[in-house]
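Coordinates from data09.cif are shown below (mmCIF, C-alpha atoms).
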```
data_data
#
loop_
_atom_site.group_PDB
_atom_site.id
_atom_site.type_symbol
_atom_site.label_atom_id
_atom_site.label_comp_id
_atom_site.auth_asym_id
_atom_site.auth_seq_id
_atom_site.Cartn_x
_atom_site.Cartn_y
_atom_site.Cartn_z
ATOM 1 C CA MET A 1 -85.880 78.639 38.473
ATOM 2 C CA ARG A 2 -88.531 76.370 37.084
ATOM 3 C CA ALA A 3 -88.340 72.609 37.779
ATOM 4 C CA GLU A 4 -88.431 70.043 34.973
ATOM 5 C CA PRO A 5 -91.876 68.492 34.468
ATOM 6 C CA THR A 6 -90.338 65.122 35.285
ATOM 7 C CA THR A 7 -89.378 66.401 38.759
ATOM 8 C CA VAL A 8 -92.900 67.669 39.382
ATOM 9 C CA PHE A 9 -94.490 64.412 38.147
ATOM 10 C CA LYS A 10 -92.171 62.258 40.227
ATOM 11 C CA THR A 11 -92.531 64.390 43.332
ATOM 12 C CA LEU A 12 -96.324 64.385 43.246
ATOM 13 C CA GLY A 13 -96.408 60.738 42.127
ATOM 14 C CA ASP A 14 -95.749 59.760 45.739
ATOM 15 C CA PRO A 15 -99.052 59.522 47.674
ATOM 16 C CA THR A 16 -97.557 60.749 50.972
ATOM 17 C CA ARG A 17 -96.003 63.804 49.340
ATOM 18 C CA ARG A 18 -99.204 64.477 47.452
ATOM 19 C CA ALA A 19 -101.198 64.275 50.689
ATOM 20 C CA LEU A 20 -98.824 66.781 52.331
ATOM 21 C CA PHE A 21 -99.046 69.120 49.348
ATOM 22 C CA GLU A 22 -102.820 68.784 49.331
ATOM 23 C CA ARG A 23 -103.081 69.584 53.004
ATOM 24 C CA LEU A 24 -100.904 72.663 52.620
ATOM 25 C CA SER A 25 -103.081 73.694 49.660
ATOM 26 C CA ARG A 26 -106.180 73.377 51.805
ATOM 27 C CA GLU A 27 -104.995 74.786 55.088
ATOM 28 C CA GLY A 28 -102.355 77.337 54.160
ATOM 29 C CA GLU A 29 -99.130 77.657 56.146
ATOM 30 C CA LEU A 30 -98.365 74.819 58.578
ATOM 31 C CA THR A 31 -95.451 73.725 60.753
ATOM 32 C CA VAL A 32 -93.671 70.406 60.321
ATOM 33 C CA HIS A 33 -95.233 69.341 63.634
ATOM 34 C CA ALA A 34 -98.753 70.160 62.507
ATOM 35 C CA LEU A 35 -98.147 68.257 59.270
ATOM 36 C CA THR A 36 -96.726 65.236 61.084
ATOM 37 C CA ALA A 37 -99.528 64.736 63.609
ATOM 38 C CA PRO A 38 -102.284 63.206 61.404
ATOM 39 C CA SER A 39 -100.046 61.840 58.640
ATOM 40 C CA GLY A 40 -99.181 58.458 60.177
ATOM 41 C CA VAL A 41 -95.570 59.086 59.113
ATOM 42 C CA SER A 42 -92.594 59.920 61.366
ATOM 43 C CA GLN A 43 -91.380 63.490 61.593
ATOM 44 C CA PRO A 44 -88.025 62.829 59.878
ATOM 45 C CA ALA A 45 -89.929 61.187 57.011
ATOM 46 C CA VAL A 46 -92.292 64.157 56.760
ATOM 47 C CA SER A 47 -89.293 66.531 56.725
ATOM 48 C CA LYS A 48 -87.697 64.488 53.945
ATOM 49 C CA HIS A 49 -90.880 64.625 51.870
ATOM 50 C CA LEU A 50 -91.168 68.373 52.469
ATOM 51 C CA ASN A 51 -87.601 68.782 51.240
ATOM 52 C CA SER A 52 -88.463 66.953 48.013
ATOM 53 C CA LEU A 53 -91.486 69.216 47.550
ATOM 54 C CA LYS A 54 -89.262 72.235 48.158
ATOM 55 C CA PHE A 55 -86.652 70.997 45.676
ATOM 56 C CA ALA A 56 -89.389 70.603 43.055
ATOM 57 C CA GLY A 57 -90.469 74.205 43.651
ATOM 58 C CA LEU A 58 -93.868 73.128 44.989
ATOM 59 C CA VAL A 59 -93.531 74.495 48.528
ATOM 60 C CA CYS A 60 -91.365 77.021 50.356
ATOM 61 C CA ASP A 61 -90.393 77.260 54.007
ATOM 62 C CA ARG A 62 -89.829 79.930 56.615
ATOM 63 C CA ARG A 63 -88.169 79.578 60.002
ATOM 64 C CA ASP A 64 -89.672 81.219 63.035
ATOM 65 C CA GLY A 65 -87.839 80.419 66.265
ATOM 66 C CA ARG A 66 -87.767 76.647 66.649
ATOM 67 C CA GLU A 67 -90.495 76.014 64.116
ATOM 68 C CA THR A 68 -90.293 75.711 60.337
ATOM 69 C CA TYR A 69 -93.426 76.743 58.454
ATOM 70 C CA TYR A 70 -94.279 75.411 55.007
ATOM 71 C CA ARG A 71 -96.632 76.786 52.403
ATOM 72 C CA VAL A 72 -97.572 75.932 48.816
ATOM 73 C CA MET A 73 -96.062 77.618 45.761
ATOM 74 C CA PRO A 74 -98.930 77.107 43.255
ATOM 75 C CA GLU A 75 -96.788 78.325 40.337
ATOM 76 C CA GLY A 76 -94.652 75.203 40.918
ATOM 77 C CA LEU A 77 -97.328 73.265 39.027
ATOM 78 C CA THR A 78 -96.773 75.289 35.848
ATOM 79 C CA PRO A 79 -94.363 72.791 34.149
ATOM 80 C CA LEU A 80 -96.983 70.083 34.576
ATOM 81 C CA PHE A 81 -99.790 72.159 33.059
ATOM 82 C CA ASP A 82 -97.450 73.307 30.227
ATOM 83 C CA TRP A 83 -96.663 69.691 29.391
ATOM 84 C CA LEU A 84 -100.350 68.720 29.278
ATOM 85 C CA GLN A 85 -101.186 71.728 27.149
ATOM 86 C CA PHE A 86 -98.363 71.169 24.660
ATOM 87 C CA TYR A 87 -99.301 67.537 24.033
ATOM 88 C CA ALA A 88 -103.043 68.225 23.859
ATOM 89 C CA GLY A 89 -102.374 70.575 20.912
ATOM 90 C CA PHE A 90 -99.760 68.287 19.391
ATOM 91 C CA TRP A 91 -101.983 65.193 19.241
ATOM 92 C CA GLN A 92 -105.007 67.163 18.085
ATOM 93 C CA SER A 93 -103.117 68.346 14.982
ATOM 94 C CA ARG A 94 -101.612 64.870 14.399
ATOM 95 C CA PHE A 95 -105.109 63.358 14.439
ATOM 96 C CA ASP A 96 -106.059 65.840 11.683
ATOM 97 C CA GLN A 97 -103.047 64.715 9.640
ATOM 98 C CA LEU A 98 -103.910 61.062 10.261
ATOM 99 C CA GLU A 99 -107.432 61.608 8.946
ATOM 100 C CA ASP A 100 -106.041 63.333 5.843
ATOM 101 C CA LEU A 101 -103.714 60.397 5.244
ATOM 102 C CA LEU A 102 -106.513 57.837 5.665
ATOM 103 C CA LYS A 103 -108.514 59.688 3.006
ATOM 104 C CA ARG A 104 -105.581 59.447 0.586
ATOM 105 C CA MET A 105 -104.752 55.775 1.298
ATOM 106 C CA ASP A 106 -105.858 53.200 -1.326
ATOM 107 C CA GLN A 107 -107.200 55.769 -3.731
ATOM 108 C CA MET B 1 -110.603 66.375 23.107
ATOM 109 C CA THR B 2 -109.964 66.118 26.821
ATOM 110 C CA THR B 3 -106.987 67.344 28.717
ATOM 111 C CA ALA B 4 -107.482 64.852 31.473
ATOM 112 C CA THR B 5 -105.717 66.691 34.248
ATOM 113 C CA GLU B 6 -107.524 64.439 36.713
ATOM 114 C CA THR B 7 -105.420 61.478 35.585
ATOM 115 C CA LEU B 8 -102.431 63.554 34.509
ATOM 116 C CA SER B 9 -102.748 62.374 30.967
ATOM 117 C CA VAL B 10 -103.689 63.765 27.589
ATOM 118 C CA VAL B 11 -106.544 61.950 25.865
ATOM 119 C CA VAL B 12 -107.657 62.492 22.264
ATOM 120 C CA GLU B 13 -110.589 60.467 20.934
ATOM 121 C CA ARG B 14 -112.249 60.500 17.525
ATOM 122 C CA GLU B 15 -114.776 58.600 15.481
ATOM 123 C CA ILE B 16 -113.076 57.777 12.183
ATOM 124 C CA PRO B 17 -115.057 56.484 9.176
ATOM 125 C CA TYR B 18 -112.586 53.680 8.334
ATOM 126 C CA PRO B 19 -112.193 50.137 9.656
ATOM 127 C CA PRO B 20 -109.599 49.410 12.383
ATOM 128 C CA GLU B 21 -107.428 47.425 9.928
ATOM 129 C CA LYS B 22 -106.809 50.498 7.808
ATOM 130 C CA ILE B 23 -106.054 52.751 10.779
ATOM 131 C CA TRP B 24 -103.750 50.052 12.191
ATOM 132 C CA ARG B 25 -101.625 50.264 9.031
ATOM 133 C CA ALA B 26 -101.293 54.027 9.460
ATOM 134 C CA LEU B 27 -100.251 53.482 13.097
ATOM 135 C CA THR B 28 -97.661 50.759 12.423
ATOM 136 C CA GLN B 29 -96.148 51.102 8.924
ATOM 137 C CA PRO B 30 -93.117 53.431 9.109
ATOM 138 C CA GLN B 31 -93.751 55.142 5.749
ATOM 139 C CA LEU B 32 -97.386 55.829 6.639
ATOM 140 C CA LEU B 33 -96.511 56.841 10.219
ATOM 141 C CA GLU B 34 -94.063 59.377 8.852
ATOM 142 C CA GLU B 35 -96.779 61.011 6.781
ATOM 143 C CA TRP B 36 -98.900 62.050 9.735
ATOM 144 C CA LEU B 37 -96.662 61.769 12.805
ATOM 145 C CA MET B 38 -92.883 61.834 12.382
ATOM 146 C CA LYS B 39 -89.941 60.123 10.695
ATOM 147 C CA ASN B 40 -89.319 56.827 12.489
ATOM 148 C CA ASP B 41 -87.830 53.325 12.539
ATOM 149 C CA PHE B 42 -90.868 51.668 14.114
ATOM 150 C CA LYS B 43 -91.336 47.884 13.998
ATOM 151 C CA PRO B 44 -94.431 46.159 15.370
ATOM 152 C CA ASN B 45 -92.516 43.984 17.875
ATOM 153 C CA VAL B 46 -92.809 44.173 21.652
ATOM 154 C CA GLY B 47 -89.503 45.427 23.085
ATOM 155 C CA HIS B 48 -88.409 47.118 19.835
ATOM 156 C CA ALA B 49 -86.638 50.411 20.584
ATOM 157 C CA PHE B 50 -87.204 53.131 18.012
ATOM 158 C CA ARG B 51 -87.066 56.858 17.541
ATOM 159 C CA PHE B 52 -89.350 59.536 16.157
ATOM 160 C CA SER B 53 -87.520 62.515 14.673
ATOM 161 C CA GLY B 54 -89.461 65.734 14.396
ATOM 162 C CA ASP B 55 -88.565 69.314 13.614
ATOM 163 C CA TRP B 56 -88.632 70.092 17.355
ATOM 164 C CA GLY B 57 -86.361 67.206 18.386
ATOM 165 C CA SER B 58 -86.425 63.462 18.696
ATOM 166 C CA VAL B 59 -88.447 61.083 20.821
ATOM 167 C CA ASP B 60 -87.028 57.828 22.220
ATOM 168 C CA CYS B 61 -89.580 55.044 22.262
ATOM 169 C CA GLN B 62 -89.990 51.354 22.972
ATOM 170 C CA VAL B 63 -92.920 49.122 22.102
ATOM 171 C CA ILE B 64 -94.583 47.966 25.335
ATOM 172 C CA ALA B 65 -97.596 46.046 24.030
ATOM 173 C CA LEU B 66 -99.501 45.424 20.859
ATOM 174 C CA GLU B 67 -102.471 43.474 19.651
ATOM 175 C CA ALA B 68 -103.041 43.863 15.907
ATOM 176 C CA ASN B 69 -105.973 46.139 14.990
ATOM 177 C CA LYS B 70 -106.848 46.654 18.661
ATOM 178 C CA THR B 71 -104.201 48.242 20.827
ATOM 179 C CA LEU B 72 -100.659 49.576 20.691
ATOM 180 C CA SER B 73 -98.592 51.207 23.393
ATOM 181 C CA TYR B 74 -95.067 52.554 23.503
ATOM 182 C CA SER B 75 -92.960 54.581 25.872
ATOM 183 C CA TRP B 76 -92.362 58.164 24.785
ATOM 184 C CA GLY B 77 -89.319 59.957 26.160
ATOM 185 C CA ALA B 78 -89.003 63.598 25.185
ATOM 186 C CA MET B 79 -88.517 67.032 26.695
ATOM 187 C CA GLY B 80 -87.074 65.588 29.877
ATOM 188 C CA LEU B 81 -90.053 63.405 30.654
ATOM 189 C CA GLY B 82 -90.867 59.750 30.121
ATOM 190 C CA SER B 83 -94.472 58.949 29.311
ATOM 191 C CA VAL B 84 -96.532 56.175 27.743
ATOM 192 C CA VAL B 85 -98.642 56.544 24.610
ATOM 193 C CA THR B 86 -101.481 54.028 24.209
ATOM 194 C CA TRP B 87 -103.667 53.666 21.115
ATOM 195 C CA THR B 88 -106.984 51.847 21.343
ATOM 196 C CA LEU B 89 -109.081 50.964 18.291
ATOM 197 C CA THR B 90 -112.710 49.942 18.801
ATOM 198 C CA PRO B 91 -114.841 48.985 15.774
ATOM 199 C CA THR B 92 -118.156 50.852 15.497
ATOM 200 C CA SER B 93 -121.023 50.650 13.003
ATOM 201 C CA ALA B 94 -119.623 53.703 11.200
ATOM 202 C CA GLY B 95 -115.925 52.762 11.352
ATOM 203 C CA THR B 96 -113.623 53.029 14.339
ATOM 204 C CA HIS B 97 -113.464 54.804 17.648
ATOM 205 C CA LEU B 98 -109.801 55.784 17.934
ATOM 206 C CA ARG B 99 -108.426 56.755 21.334
ATOM 207 C CA MET B 100 -104.954 58.012 22.207
ATOM 208 C CA GLU B 101 -103.869 58.408 25.788
ATOM 209 C CA GLN B 102 -100.503 59.820 26.788
ATOM 210 C CA ALA B 103 -99.834 59.295 30.458
ATOM 211 C CA GLY B 104 -97.089 61.369 32.025
ATOM 212 C CA PHE B 105 -95.281 58.666 33.919
ATOM 213 C CA THR B 106 -92.309 56.522 32.958
ATOM 214 C CA PRO B 107 -92.856 52.747 32.631
ATOM 215 C CA ASP B 108 -91.179 51.975 35.936
ATOM 216 C CA GLN B 109 -93.636 54.332 37.560
ATOM 217 C CA GLN B 110 -96.654 52.567 36.078
ATOM 218 C CA GLN B 111 -97.250 50.587 39.241
ATOM 219 C CA ALA B 112 -97.202 53.694 41.370
ATOM 220 C CA TYR B 113 -99.318 55.437 38.773
ATOM 221 C CA ARG B 114 -102.073 52.828 38.908
ATOM 222 C CA GLY B 115 -102.128 53.022 42.675
ATOM 223 C CA ALA B 116 -102.150 56.790 42.617
ATOM 224 C CA LYS B 117 -104.735 57.258 39.899
ATOM 225 C CA TYR B 118 -107.676 57.250 42.252
ATOM 226 C CA GLY B 119 -106.240 60.073 44.307
ATOM 227 C CA TRP B 120 -105.716 62.559 41.484
ATOM 228 C CA PRO B 121 -109.298 63.796 40.892
ATOM 229 C CA LYS B 122 -109.691 64.867 44.493
ATOM 230 C CA PHE B 123 -106.226 66.360 44.423
ATOM 231 C CA PHE B 124 -107.008 68.576 41.449
ATOM 232 C CA ALA B 125 -110.424 69.513 42.788
ATOM 233 C CA ASN B 126 -108.781 70.826 45.940
ATOM 234 C CA LEU B 127 -106.061 72.494 43.970
ATOM 235 C CA GLU B 128 -108.501 74.404 41.818
ATOM 236 C CA ARG B 129 -109.796 76.083 44.934
ATOM 237 C CA VAL B 130 -106.295 77.125 45.898
ATOM 238 C CA LEU B 131 -105.403 78.366 42.421
ATOM 239 C CA GLY B 132 -108.729 80.175 42.268
ATOM 240 C CA GLY B 133 -107.727 82.108 45.354
ATOM 241 C CA LEU B 134 -104.525 83.427 43.782
ATOM 242 C CA PRO B 135 -104.201 87.136 43.005
#
```
Take the structure from the file and write it as structure tokens.
Amino acid sequence: MRAEPTTVFKTLGDPTRRALFERLSREGELTVHALTAPSGVSQPAVSKHLNSLKFAGLVCDRRDGRETYYRVMPEGLTPLFDWLQFYAGFWQSRFDQLEDLLKRMDQ
Amino acid sequence: MTTATETLSVVVEREIPYPPEKIWRALTQPQLLEEWLMKNDFKPNVGHAFRFSGDWGSVDCQVIALEANKTLSYSWGAMGLGSVVTWTLTPTSAGTHLRMEQAGFTPDQQQAYRGAKYGWPKFFANLERVLGGLP
């Protein structure tokens, strides 16, 4: 199921979550421990952020023994790109209509 | 046109051969607004809540700031996402440089957004590499 764009915006609006997502994008699959070490954030906090990312459809996890591995789901960003694309087209056509109107005004 | 993914906003800019005062009327008078944008009950007062009604649904808005003939911004809530639309009019020798920016964050997120803005370009640069590696 695809997340609402608002969920994706809000989730990635947080700098810590974005940093975690970015690191997973760069380095591939990582454990919660590996993600915690350089983050300057406690492990429970990192786990909480990872859960938010998972809820937004931006990452998925896999358990292996005592470790949980996380990796990025790039298709999770689709709602965000759809939103940008829709409004880019929308405003472009409204600008055309605005210019038409300005030509007609006061004539 | 730019789809400014690096700031998570949509920006449309155009040189328009009319003075700012004339464009301002088209941006703020409900009857004129309706002709190029959507049906509305806009009023040029900060805090005024209004609604655009289009064929694809309605948009809940509120005026955040305005300075006659220069700048206008309102919140824009539609399709499950709050955002902010900001119009900027700059006079030029040939008329007006008109800029529209729609930023995909709700007003209460503006603070976070400003703080986060710097981080986005790098974020998307890294992401492109990842997306490029997809099958």
Selection near range 66-77 of chain B, 9 Å with all atoms listed in the file, sequence-local residues under 2 positions removed, as a ChimeraX atom specification:
/B:20-25,27-28,44-46,58-64,79-91,102,106-107
Quick check, in Å to one decimal: how far apart do CA of Phe52 in chain B and CA of Met38 in chain B lie?
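CA of Phe52 in chain B sits 5.7 Å away from CA of Met38 in chain B.
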Pick from A:Thr6, A:Glu67, A:Asp61, A:Thr78, whichever lies nearest to chain B using only C-alpha atoms
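Smallest distance to chain B is found for A:Thr6.
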Could you tell me how far CA of Arg14 in chain B sits from CA of Thr96 in chain B, in Å to one decimal place?
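Separation between CA of Thr96 in chain B and CA of Arg14 in chain B: 8.2 Å.
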Would you pick out the contacts of Val59 in chain A at 9 Å or less, using only C-alpha atoms, so that residues sharing its chain but fewer than 4 positions from it are not included, and give the list as an MDAnalysis selection string?
chainID A and resid 21 24 50:51 53:55 70:74 76
Next, dump the selected residues to file, keeping only C-alpha atoms, as a PDB file, keeping the file's coordinate frame.
```
ATOM      1  CA  PHE A  21     -99.046  69.120  49.348  1.00  0.00           C
ATOM      2  CA  LEU A  24    -100.904  72.663  52.620  1.00  0.00           C
ATOM      3  CA  LEU A  50     -91.168  68.373  52.469  1.00  0.00           C
ATOM      4  CA  ASN A  51     -87.601  68.782  51.240  1.00  0.00           C
ATOM      5  CA  LEU A  53     -91.486  69.216  47.550  1.00  0.00           C
ATOM      6  CA  LYS A  54     -89.262  72.235  48.158  1.00  0.00           C
ATOM      7  CA  PHE A  55     -86.652  70.997  45.676  1.00  0.00           C
ATOM      8  CA  TYR A  70     -94.279  75.411  55.007  1.00  0.00           C
ATOM      9  CA  ARG A  71     -96.632  76.786  52.403  1.00  0.00           C
ATOM     10  CA  VAL A  72     -97.572  75.932  48.816  1.00  0.00           C
ATOM     11  CA  MET A  73     -96.062  77.618  45.761  1.00  0.00           C
ATOM     12  CA  PRO A  74     -98.930  77.107  43.255  1.00  0.00           C
ATOM     13  CA  GLY A  76     -94.652  75.203  40.918  1.00  0.00           C
TER      14      GLY A  76
END
```
Using all atoms listed in the file, I'd like a table of the residues in chain A that come within 7 Å of chain B; for each, show the closest atom pair and its distance in Å rounded to one decimal, ordered by chain and ascending number, as a tab-separated table.
```
residue	atom	partner	partner_atom	distance
A:Glu4	CA	B:Gly80	CA	6.9
A:Pro5	CA	B:Leu81	CA	6.6
A:Thr6	CA	B:Leu81	CA	4.9
A:Gly13	CA	B:Tyr113	CA	6.9
A:Pro15	CA	B:Ala116	CA	6.5
A:Glu22	CA	B:Phe123	CA	6.4
A:Ser25	CA	B:Val130	CA	6.0
A:Arg26	CA	B:Asn126	CA	6.9
A:Pro74	CA	B:Leu131	CA	6.6
A:Leu84	CA	B:Val10	CA	6.2
A:Tyr87	CA	B:Val10	CA	6.8
A:Ala88	CA	B:Val10	CA	5.8
A:Trp91	CA	B:Val12	CA	7.0
A:Gln92	CA	B:Val12	CA	6.8
A:Arg94	CA	B:Leu37	CA	6.1
A:Gln97	CA	B:Trp36	CA	4.9
A:Leu98	CA	B:Trp36	CA	5.1
A:Leu101	CA	B:Trp36	CA	6.8
```
